[in-house]
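Peer 1: Pasting in a structure now, in structure tokens, and then I'll have a few things to ask.
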Amino acid sequence: MPAVSKGDGMRGLAVFISDIRNCKSKEAEVKRINKELANIRSKFKGDKALDGYSKKKYVCKLLFIFLLGHDIDFGHMEAVNLLSSNKYTEKQIGYLFISVLVNSNSDLIRLINNAIKNDLTSRNPTFMNLALHCIANVGSREMAEAFASEIPRILVAGDTMDSVKQSAALCLLRLNRTSPDLVPMGEWTARVVHLLNDQHLGVVTAATSLITTLAQKNPDDFKTSVSLAVARLSRIVTSASIDLQDYTYYFVAAPWLSVKLLRLLQSYPPPEDAALRSRLTECLETILNKAQEPPKSKKVQHSNAKNAVLFEAIALIIHHDSEPTLLVRACNQLGQFLQHRETNLRYLALESMCTLASSEFSHEAVKTHMETVINALKTERDVSVRQRAVDLLYAMCDRSNAKQIVAEMLSYLETADYSIREEIVLKVAILAEKYAVDYTWYVDTILNLIRIAGDYVSEEVWYRVIQIVINRDDVQGYAAKTVFEALQAPACHENLVKVGGYILGEFGNLIAGDSRSSPLVQFNLLHSKFHLCSVPTRALLLSAYIKFINLFPEVKATIQDVLRSDSQLRNADVELQQRAVEYLRLSCIASTDILATVLEEMPPFPERESSILAKLKKKKGPGKLPDMDDSRRSVNGSTEHSENTDTTNKGSTHSFTDVLNLNSTPSSGASLLIDVFSESSAPPAAIDVSEENFPRFVCKNNGVIYENQLLQIGLKSEYRQNLGRMYVFYGNKTSTQFLSFSSSSPPQLNVHPKAADPMIEGGAQMQQILNIECVSDFRDAPVLNIQFRYGGTLQNIAVKLPVMLNKFFQPTEMMSQDFFQRWKQLGAPQQEVQKIFKAKHPMDTEVTKAKILGFGVALLDGVDPNPANFVGAGVIHTKTTQVGCLLRLEPNMQAQMYRLTLRTSRDSVSQRLCELLSDQF
Amino acid sequence: MIKAILIFNNHGKPRLSKFYEHYNEDTEQQIIRETFHLVSKRDENVCNFLEGGMLIGGSDYKLIYRHYATLYFVFCVDSSESELGILDLIQVFVETLDKCFENVCELDLIFHVDKVHNILAEMVMGGMVLETNMNEIITQVDAQNKMEKSEAGIAGAPARAVSAVKNMNLPEMPRNINIGDISIKVPNLPSFK
């Protein structure tokens, strides 16, 4: 018998819906809806004694109207009134209305909370479930505040019905997600873990979801769940399916619960206890074995459920990454799926293999499937699957197969879907660079890339190829020859013209000996593209021309003629005109020596992370490219460089001039240009900023910040509120003088005028005073640039000054009560930052105390109930504001871990402080 | 976590939308449109997963969908859910609807939106899977219906009688709409491979 009989539909609702469906136009529909809204409004307003049936009917109408995309701005009060009804039907429809239509910051939340409270205490399981559902669906902060302490009680109470327990577990999970700070951990945690032993599998499933989330935050509190989960899993996997009749889904025993348990186990490392470990291994082996058995049903649901468990088991094996035999078996299993006729399985197999490829045990095994994956790329009909194949090829690529993989990706690129082209271009560019043994191959690859998919080649990619060519002498001649040949194609992409212009401008002389690529031929070739290009490319070509004048005096006259033509000198575009005028003048008045100096070959770029990688990361979000080192980005981030640029210029926004050091400010938004161009403005040779000693200064103010064979730089600093003073001591370690010594620091520091003495005697020390003012909260520390002449050579040093946000702390003493009150006030999720990390140094209480004090906050004794924990408070002073800050550090001796929690009124401050402090232990 | 559950028909008309994260009405409608656009252009026998649209959170979220006759059932989930598990869940949902409505069709979802929401609430709560056992779900739904009937027996009888009488001579009633081609045939899933 059907649970809903068709006869009891609501007539008014049916008529209304039919009307809407018969509407011929959008206008007619809106008109009909407005009429109905007016009707319902008047019914709600006027007739107080609406019966339950009518109320339900009207609410259903409103839900339908809402579904069609119309805003519902009334009826909320009526819905709230329905909540307090004793009738199930009315209550239910009230809750339905609220969970669909009420947003979390409604004014009515207090009234709703009241009704929920009544239902939660009603001991009627149906009402309790309705209330719990409502809390979970709305999940607002006010609700969390009202019920976060009540729900754990319901969850672990002995007399709670199973269905209520299920709801309570998920409700708590939801609140923990939305307002983690409000869900108190406590004695209930241990009892929650024991729900894994519950008779009712629904309860176990809900509890597993809850524990999985909680365990990710507090792994230690839920450690005991591992053994229980393994035991449970083992019972499900090995038992005959008759035991769990209700939870058997198409002949698979409790697939959903198995998946959840395997997920939970992925929050932990492999169990240390040998017996437990072997039991888990046995489970995983059984799951892998079952995959080989003939299916018990032909239905797709059967194989789906079975494979859901299998994929999760494989995910766990990959997560543990400790049993080579299991890893290889997993890989073989996935290999089978790669050729499965079911598209879903091919998709998932490619996805899991991606993670498998990064394990050292299975990397080789994954590589054996390369042909299959390449085949998938060529033949797969589904773009989602092809995309996964690209991901996998990227992940399995190493030196041995790079050439083949890159070639395959390139050939796929010609036919690839537009939506994934850019990503493939980035991946090809990265692989080509990463695994290039000889750079001629790299140059060929990138030029091919531009030829095939020029439109999708972003700035980063062609900047990068130029960086590499400039940095490597061995490839310059080849690059010049190749771009010259590529440019001869009748139609070439503008990006190719850019690369060609740049490279010929720098290294055209290397191929000028051949009469087929004589200077004049090169110039004519470039100039033949000139008129087809956009303004930025033309500007770049003009710069290439002036470089030609330096390289090849014989074409000087020709080029001067071009520059002198009206289309250049009177060009409507200011940038082009300016370049033409300046270059023409330069070529006329400057002597060859000056010309040679000004237009000298570009110095090598500093080695740094490829900006292409950064771009791919941005596209894919963090965490998807695990093998790439993230730490360097902050060093070379764009902000720092824009601070460095203190040169005379005219604010040119075009980049190629920077290379020539004529006009040298990258435009402020030019972070994309940084890799190629930014350093050129820190004359004369580019240098990396030294910051190795930087972390040592987080918790102290004095010490040596920099030292090399020549120079030692010591610091002494003191801070008061938002002001600071730093004494910098430059020690000459040699016996000869440093001449023309100068140091410059970024504008936000006021350098004391007396300081910079242009000479330091051998063995002597010079002192400089820097005054510092903190204007607003900041991330990046200022950089001190030092230049001096030692012997004949000019030395350049850049040191990151240890001026961090925490230096502007004023410690604040407070009582326990005050502390907790403020802690609660700073409860918004973005205000809190928490980090759990391994101890890098021995865990010594006294040292930790000293570090926290050195960090600048007051150490509060007797606030935390656990005496092993540290609690601190302080206020950051900036010129504009003051930011209060509370912190708590919980050491865990056994695990050698710390958990650091910071709350401040500003999320950027919380974030920064957490990064600084967590590095110290 | 499940971020949203959407049901729409082949023409993109929404039949059910349930968001477990708060968006304003406009965004919700845009998400439905975007999702329809992404899902509907896919061939029949490609895989059932794809990356989410920009509005719902991009590639951190997956759309997992099934296409039954006239309706698309789409779940938008984050990486913590098993893809195949969610496919099973969609199947359980549809089978449950089929049991509760007896050969469920698109019109049932339209005219019994409250029931559909209630059935869904028994399965998914606040974005988390509550129950996957169909018998258990149906037991709960049955219990609710009984309660409803018993309450209707006391107070709702007149109204029900009136509606029954009115329904008798109604040429435009939905039961006369030809629903032959839009019923969702659950047991042997022709459209699903």
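By order in the structure tokens, chains are A, B, ...; within a chain, residues start at 1; ligands start at 1, following the order shown.
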Please identify all residues of chain A having at least one atom at most 7 Å from any atom of chain B, considering only C-alpha atoms, and return them as a short mmCIF file (atom, residue, chain, number, x, y, z; two decimals) with all heavy atoms, in the first residue's frame.
Peer 2:
data_model
loop_
_atom_site.label_atom_id
_atom_site.label_comp_id
_atom_site.auth_asym_id
_atom_site.auth_seq_id
_atom_site.Cartn_x
_atom_site.Cartn_y
_atom_site.Cartn_z
N PRO A 2 0.57 2.16 -0.87
CA PRO A 2 1.42 3.35 -0.92
C PRO A 2 1.24 4.19 0.33
O PRO A 2 0.15 4.26 0.90
CB PRO A 2 0.92 4.09 -2.15
CG PRO A 2 -0.48 3.63 -2.34
CD PRO A 2 -0.57 2.25 -1.80
N ALA A 3 2.30 4.82 0.71
CA ALA A 3 2.26 5.61 1.93
C ALA A 3 1.48 6.91 1.72
O ALA A 3 0.95 7.48 2.65
CB ALA A 3 3.68 5.93 2.38
N VAL A 4 1.45 7.37 0.50
CA VAL A 4 0.70 8.59 0.23
C VAL A 4 -0.34 8.22 -0.80
O VAL A 4 -0.02 7.82 -1.91
CB VAL A 4 1.63 9.67 -0.37
CG1 VAL A 4 0.83 10.93 -0.65
CG2 VAL A 4 2.77 9.95 0.55
N SER A 5 -1.59 8.33 -0.45
CA SER A 5 -2.59 7.98 -1.45
C SER A 5 -2.86 9.22 -2.28
O SER A 5 -2.77 10.35 -1.81
CB SER A 5 -3.85 7.48 -0.78
OG SER A 5 -4.38 8.49 0.02
N ARG A 11 -7.12 20.35 -3.18
CA ARG A 11 -7.68 20.79 -4.45
C ARG A 11 -7.18 22.18 -4.83
O ARG A 11 -6.74 22.42 -5.95
CB ARG A 11 -9.20 20.79 -4.37
CG ARG A 11 -9.77 21.27 -5.68
CD ARG A 11 -11.27 21.28 -5.71
NE ARG A 11 -11.69 21.91 -6.94
CZ ARG A 11 -12.07 23.17 -7.04
NH1 ARG A 11 -12.12 23.93 -5.97
NH2 ARG A 11 -12.40 23.69 -8.19
N ALA A 14 -3.83 22.07 -6.20
CA ALA A 14 -3.79 21.47 -7.53
C ALA A 14 -4.23 22.48 -8.58
O ALA A 14 -3.60 22.62 -9.64
CB ALA A 14 -4.68 20.24 -7.57
N TYR A 53 -5.95 22.28 7.82
CA TYR A 53 -5.92 21.93 6.40
C TYR A 53 -5.60 23.14 5.55
O TYR A 53 -4.72 23.09 4.67
CB TYR A 53 -7.27 21.33 6.01
CG TYR A 53 -7.46 21.18 4.53
CD1 TYR A 53 -6.90 20.11 3.85
CD2 TYR A 53 -8.19 22.12 3.79
CE1 TYR A 53 -7.06 19.96 2.49
CE2 TYR A 53 -8.35 21.99 2.43
CZ TYR A 53 -7.78 20.90 1.78
OH TYR A 53 -7.94 20.78 0.43
N CYS A 60 1.92 25.06 1.45
CA CYS A 60 2.37 24.33 0.25
C CYS A 60 2.40 25.26 -0.96
O CYS A 60 3.32 25.19 -1.79
CB CYS A 60 1.46 23.15 -0.04
SG CYS A 60 1.76 21.78 1.06
N LEU A 67 9.74 27.96 -4.86
CA LEU A 67 10.52 27.10 -5.74
C LEU A 67 10.65 27.70 -7.13
O LEU A 67 11.65 27.52 -7.82
CB LEU A 67 9.85 25.73 -5.81
CG LEU A 67 10.56 24.64 -6.61
CD1 LEU A 67 11.88 24.27 -5.98
CD2 LEU A 67 9.69 23.41 -6.74
N LEU A 68 9.61 28.42 -7.53
CA LEU A 68 9.67 29.05 -8.85
C LEU A 68 10.58 30.27 -8.86
O LEU A 68 10.75 30.91 -9.89
CB LEU A 68 8.27 29.47 -9.30
CG LEU A 68 7.32 28.31 -9.65
CD1 LEU A 68 5.96 28.84 -10.02
CD2 LEU A 68 7.89 27.46 -10.76
N GLY A 69 11.09 30.62 -7.70
CA GLY A 69 12.06 31.70 -7.67
C GLY A 69 11.49 33.04 -7.23
O GLY A 69 12.07 34.08 -7.51
N ASP A 71 10.35 35.61 -4.19
CA ASP A 71 10.66 35.88 -2.79
C ASP A 71 9.37 35.81 -1.96
O ASP A 71 8.34 36.33 -2.37
CB ASP A 71 11.26 37.28 -2.71
CG ASP A 71 12.00 37.46 -1.42
OD1 ASP A 71 12.05 36.47 -0.65
OD2 ASP A 71 12.52 38.56 -1.18
N TYR A 88 0.38 17.11 15.13
CA TYR A 88 1.58 16.77 14.38
C TYR A 88 1.57 17.43 13.01
O TYR A 88 2.57 18.03 12.58
CB TYR A 88 1.67 15.25 14.24
CG TYR A 88 2.72 14.84 13.25
CD1 TYR A 88 4.06 14.96 13.58
CD2 TYR A 88 2.38 14.39 11.99
CE1 TYR A 88 5.03 14.61 12.68
CE2 TYR A 88 3.34 14.05 11.08
CZ TYR A 88 4.68 14.16 11.42
OH TYR A 88 5.64 13.83 10.51
N THR A 89 0.43 17.34 12.30
CA THR A 89 0.37 17.87 10.94
C THR A 89 0.76 19.34 10.89
O THR A 89 1.50 19.78 10.02
CB THR A 89 -1.06 17.76 10.39
OG1 THR A 89 -1.87 17.11 11.35
CG2 THR A 89 -1.09 17.03 9.09
N ASN A 103 15.73 32.25 6.79
CA ASN A 103 17.18 32.25 6.78
C ASN A 103 17.71 32.47 8.18
O ASN A 103 16.98 32.84 9.10
CB ASN A 103 17.73 33.26 5.79
CG ASN A 103 17.31 34.66 6.13
OD1 ASN A 103 17.31 35.03 7.30
ND2 ASN A 103 16.92 35.42 5.14
N HIS A 133 15.72 18.27 13.39
CA HIS A 133 15.88 18.52 11.96
C HIS A 133 15.94 20.02 11.68
O HIS A 133 16.72 20.48 10.87
CB HIS A 133 14.69 17.94 11.18
CG HIS A 133 14.86 16.50 10.88
ND1 HIS A 133 13.98 15.54 11.27
CD2 HIS A 133 15.83 15.85 10.23
CE1 HIS A 133 14.40 14.35 10.87
NE2 HIS A 133 15.53 14.51 10.24
N ALA A 136 19.24 21.46 12.60
CA ALA A 136 20.28 21.07 11.65
C ALA A 136 20.11 21.79 10.32
O ALA A 136 21.09 22.20 9.71
CB ALA A 136 20.25 19.57 11.43
N ASN A 137 18.88 21.97 9.90
CA ASN A 137 18.69 22.58 8.59
C ASN A 137 18.96 24.08 8.60
O ASN A 137 19.48 24.63 7.65
CB ASN A 137 17.29 22.31 8.07
CG ASN A 137 17.15 20.89 7.57
OD1 ASN A 137 18.14 20.28 7.17
ND2 ASN A 137 15.96 20.35 7.63
N GLN A 166 20.01 9.26 16.25
CA GLN A 166 20.54 9.49 14.90
C GLN A 166 20.48 10.98 14.57
O GLN A 166 21.46 11.58 14.14
CB GLN A 166 19.65 8.76 13.91
CG GLN A 166 20.29 7.61 13.22
CD GLN A 166 19.24 6.80 12.48
OE1 GLN A 166 18.29 6.32 13.10
NE2 GLN A 166 19.40 6.65 11.20
N SER A 167 19.29 11.54 14.78
CA SER A 167 19.11 12.96 14.45
C SER A 167 20.01 13.83 15.31
O SER A 167 20.61 14.80 14.83
CB SER A 167 17.67 13.39 14.67
OG SER A 167 16.81 12.57 13.94
N LEU A 170 23.64 13.92 14.09
CA LEU A 170 23.88 14.75 12.91
C LEU A 170 23.63 16.22 13.20
O LEU A 170 24.29 17.10 12.64
CB LEU A 170 22.98 14.29 11.77
CG LEU A 170 23.33 12.90 11.23
CD1 LEU A 170 22.50 12.56 10.04
CD2 LEU A 170 24.80 12.81 10.89
N ARG A 174 26.26 19.19 12.59
CA ARG A 174 25.97 20.41 11.84
C ARG A 174 26.37 21.65 12.65
O ARG A 174 27.00 22.57 12.14
CB ARG A 174 24.48 20.43 11.51
CG ARG A 174 23.99 21.73 10.95
CD ARG A 174 24.62 22.00 9.60
NE ARG A 174 24.25 23.32 9.14
CZ ARG A 174 23.95 23.62 7.89
NH1 ARG A 174 24.00 22.68 6.97
NH2 ARG A 174 23.63 24.84 7.56
N GLY A 202 21.75 2.44 11.95
CA GLY A 202 21.50 3.85 11.62
C GLY A 202 22.20 4.76 12.60
O GLY A 202 22.82 5.76 12.21
N ALA A 206 25.27 7.48 11.76
CA ALA A 206 25.25 8.89 12.12
C ALA A 206 26.42 9.21 13.04
O ALA A 206 27.10 10.23 12.86
CB ALA A 206 23.93 9.24 12.80
N ASP A 246 18.32 -5.64 7.10
CA ASP A 246 17.75 -4.35 6.77
C ASP A 246 18.75 -3.43 6.08
O ASP A 246 18.38 -2.60 5.28
CB ASP A 246 17.29 -3.65 8.05
CG ASP A 246 15.85 -3.99 8.30
OD1 ASP A 246 15.32 -4.82 7.52
OD2 ASP A 246 15.28 -3.44 9.24
N TYR A 247 20.00 -3.57 6.45
CA TYR A 247 20.98 -2.65 5.91
C TYR A 247 21.77 -3.27 4.76
O TYR A 247 22.82 -2.79 4.39
CB TYR A 247 21.92 -2.16 7.02
CG TYR A 247 21.25 -1.07 7.82
CD1 TYR A 247 20.39 -1.38 8.87
CD2 TYR A 247 21.40 0.26 7.46
CE1 TYR A 247 19.74 -0.39 9.56
CE2 TYR A 247 20.75 1.25 8.15
CZ TYR A 247 19.92 0.93 9.20
OH TYR A 247 19.27 1.92 9.87
N TRP A 256 26.89 1.85 3.07
CA TRP A 256 27.07 3.22 3.50
C TRP A 256 27.90 3.31 4.77
O TRP A 256 28.82 4.12 4.88
CB TRP A 256 25.71 3.90 3.67
CG TRP A 256 25.88 5.35 3.82
CD1 TRP A 256 26.11 6.03 4.97
CD2 TRP A 256 25.92 6.31 2.77
NE1 TRP A 256 26.28 7.36 4.70
CE2 TRP A 256 26.16 7.56 3.36
CE3 TRP A 256 25.76 6.24 1.38
CZ2 TRP A 256 26.25 8.72 2.62
CZ3 TRP A 256 25.85 7.40 0.66
CH2 TRP A 256 26.10 8.62 1.27
N GLN A 301 23.06 -1.27 -9.24
CA GLN A 301 23.11 -0.87 -7.83
C GLN A 301 24.04 -1.77 -7.03
O GLN A 301 24.71 -1.32 -6.12
CB GLN A 301 21.71 -0.90 -7.19
CG GLN A 301 20.83 0.25 -7.55
CD GLN A 301 20.24 0.11 -8.93
OE1 GLN A 301 20.31 -0.95 -9.55
NE2 GLN A 301 19.66 1.18 -9.44
N ASN A 304 27.58 -0.80 -7.89
CA ASN A 304 27.82 0.53 -7.32
C ASN A 304 28.16 0.46 -5.85
O ASN A 304 29.14 1.04 -5.38
CB ASN A 304 26.56 1.38 -7.43
CG ASN A 304 26.61 2.30 -8.61
OD1 ASN A 304 27.63 2.36 -9.28
ND2 ASN A 304 25.55 3.00 -8.85
N ALA A 305 27.31 -0.25 -5.10
CA ALA A 305 27.48 -0.30 -3.65
C ALA A 305 28.79 -0.99 -3.31
O ALA A 305 29.57 -0.53 -2.46
CB ALA A 305 26.31 -1.02 -3.02
N ALA A 308 31.63 1.30 -4.16
CA ALA A 308 31.74 2.44 -3.25
C ALA A 308 32.64 2.06 -2.09
O ALA A 308 33.54 2.81 -1.69
CB ALA A 308 30.36 2.86 -2.76
N THR A 343 31.41 3.95 -17.21
CA THR A 343 32.14 5.22 -17.22
C THR A 343 32.46 5.71 -15.82
O THR A 343 33.54 6.23 -15.56
CB THR A 343 31.33 6.30 -17.94
OG1 THR A 343 30.71 5.73 -19.07
CG2 THR A 343 32.21 7.43 -18.37
N ASN A 344 31.51 5.53 -14.91
CA ASN A 344 31.73 6.01 -13.55
C ASN A 344 32.98 5.41 -12.94
O ASN A 344 33.73 6.09 -12.24
CB ASN A 344 30.54 5.65 -12.66
CG ASN A 344 29.35 6.50 -12.96
OD1 ASN A 344 29.49 7.57 -13.53
ND2 ASN A 344 28.17 6.03 -12.61
N ASP A 382 33.62 11.30 -22.60
CA ASP A 382 33.14 12.20 -21.57
C ASP A 382 34.25 13.16 -21.13
O ASP A 382 35.33 12.74 -20.73
CB ASP A 382 32.70 11.35 -20.38
CG ASP A 382 32.07 12.17 -19.30
OD1 ASP A 382 32.13 13.41 -19.38
OD2 ASP A 382 31.53 11.58 -18.37
N SER A 384 34.56 14.99 -18.51
CA SER A 384 34.97 14.84 -17.10
C SER A 384 36.03 13.76 -16.99
O SER A 384 37.00 13.90 -16.23
CB SER A 384 33.81 14.44 -16.20
OG SER A 384 32.67 15.14 -16.48
#
Peer 1: Counting only C-alpha atoms, what is within 12 Å of Val437 of chain A, bar same-chain residues fewer than 4 positions away, as a list in words?
Peer 2: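 Once the adjacent positions are removed, what remains is Asp398, Arg399, Ser400, Asn401, Ala402, Lys403, Leu431, Ala432, Glu433, Trp441, Tyr442, Val443 and Val475 of chain A.
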Peer 1: So which residues touch Thr213 of chain A within 8 Å, counting only C-alpha atoms, skipping near sequence neighbours fewer than 4 positions away, as a tab-separated table (two decimals) with N, CA, C and O atoms, in the first residue's frame?
Peer 2:
chain	number	residue	atom	x	y	z
A	173	LEU	N	26.68	17.47	14.71
A	173	LEU	CA	27.69	17.60	13.66
A	173	LEU	C	27.50	18.91	12.89
A	173	LEU	O	28.45	19.64	12.62
A	209	SER	N	29.72	9.54	11.20
A	209	SER	CA	29.88	10.84	10.54
A	209	SER	C	30.31	11.89	11.54
A	209	SER	O	31.22	12.69	11.28
A	217	LYS	N	39.44	17.53	14.17
A	217	LYS	CA	39.86	18.67	14.98
A	217	LYS	C	40.60	18.24	16.23
A	217	LYS	O	41.55	18.89	16.65
Peer 1: Please run DSSP on the backbone and report, as a PyMOL selection string, all residues within segment 5-162 of chain B that come out as helix (DSSP H, G or I).
Peer 2: chain B and resi 25-40+58-60+83-101+106-111+113-123+134-162
Peer 1: Rounded to one decimal in Å, what is the spacing between atom CA of Ile503 of chain A and atom CA of Glu460 of chain A?
Peer 2: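 Distance between the two atoms: 16.0 Å.
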Peer 1: Would you pick out the contacts of Lys306 of chain A at 9 Å or less, using only C-alpha atoms, so that residues sharing its chain but fewer than 6 positions from it are not included, and give the list as a ChimeraX atom specification?
Peer 2: /A:251-253,255,287,290-291
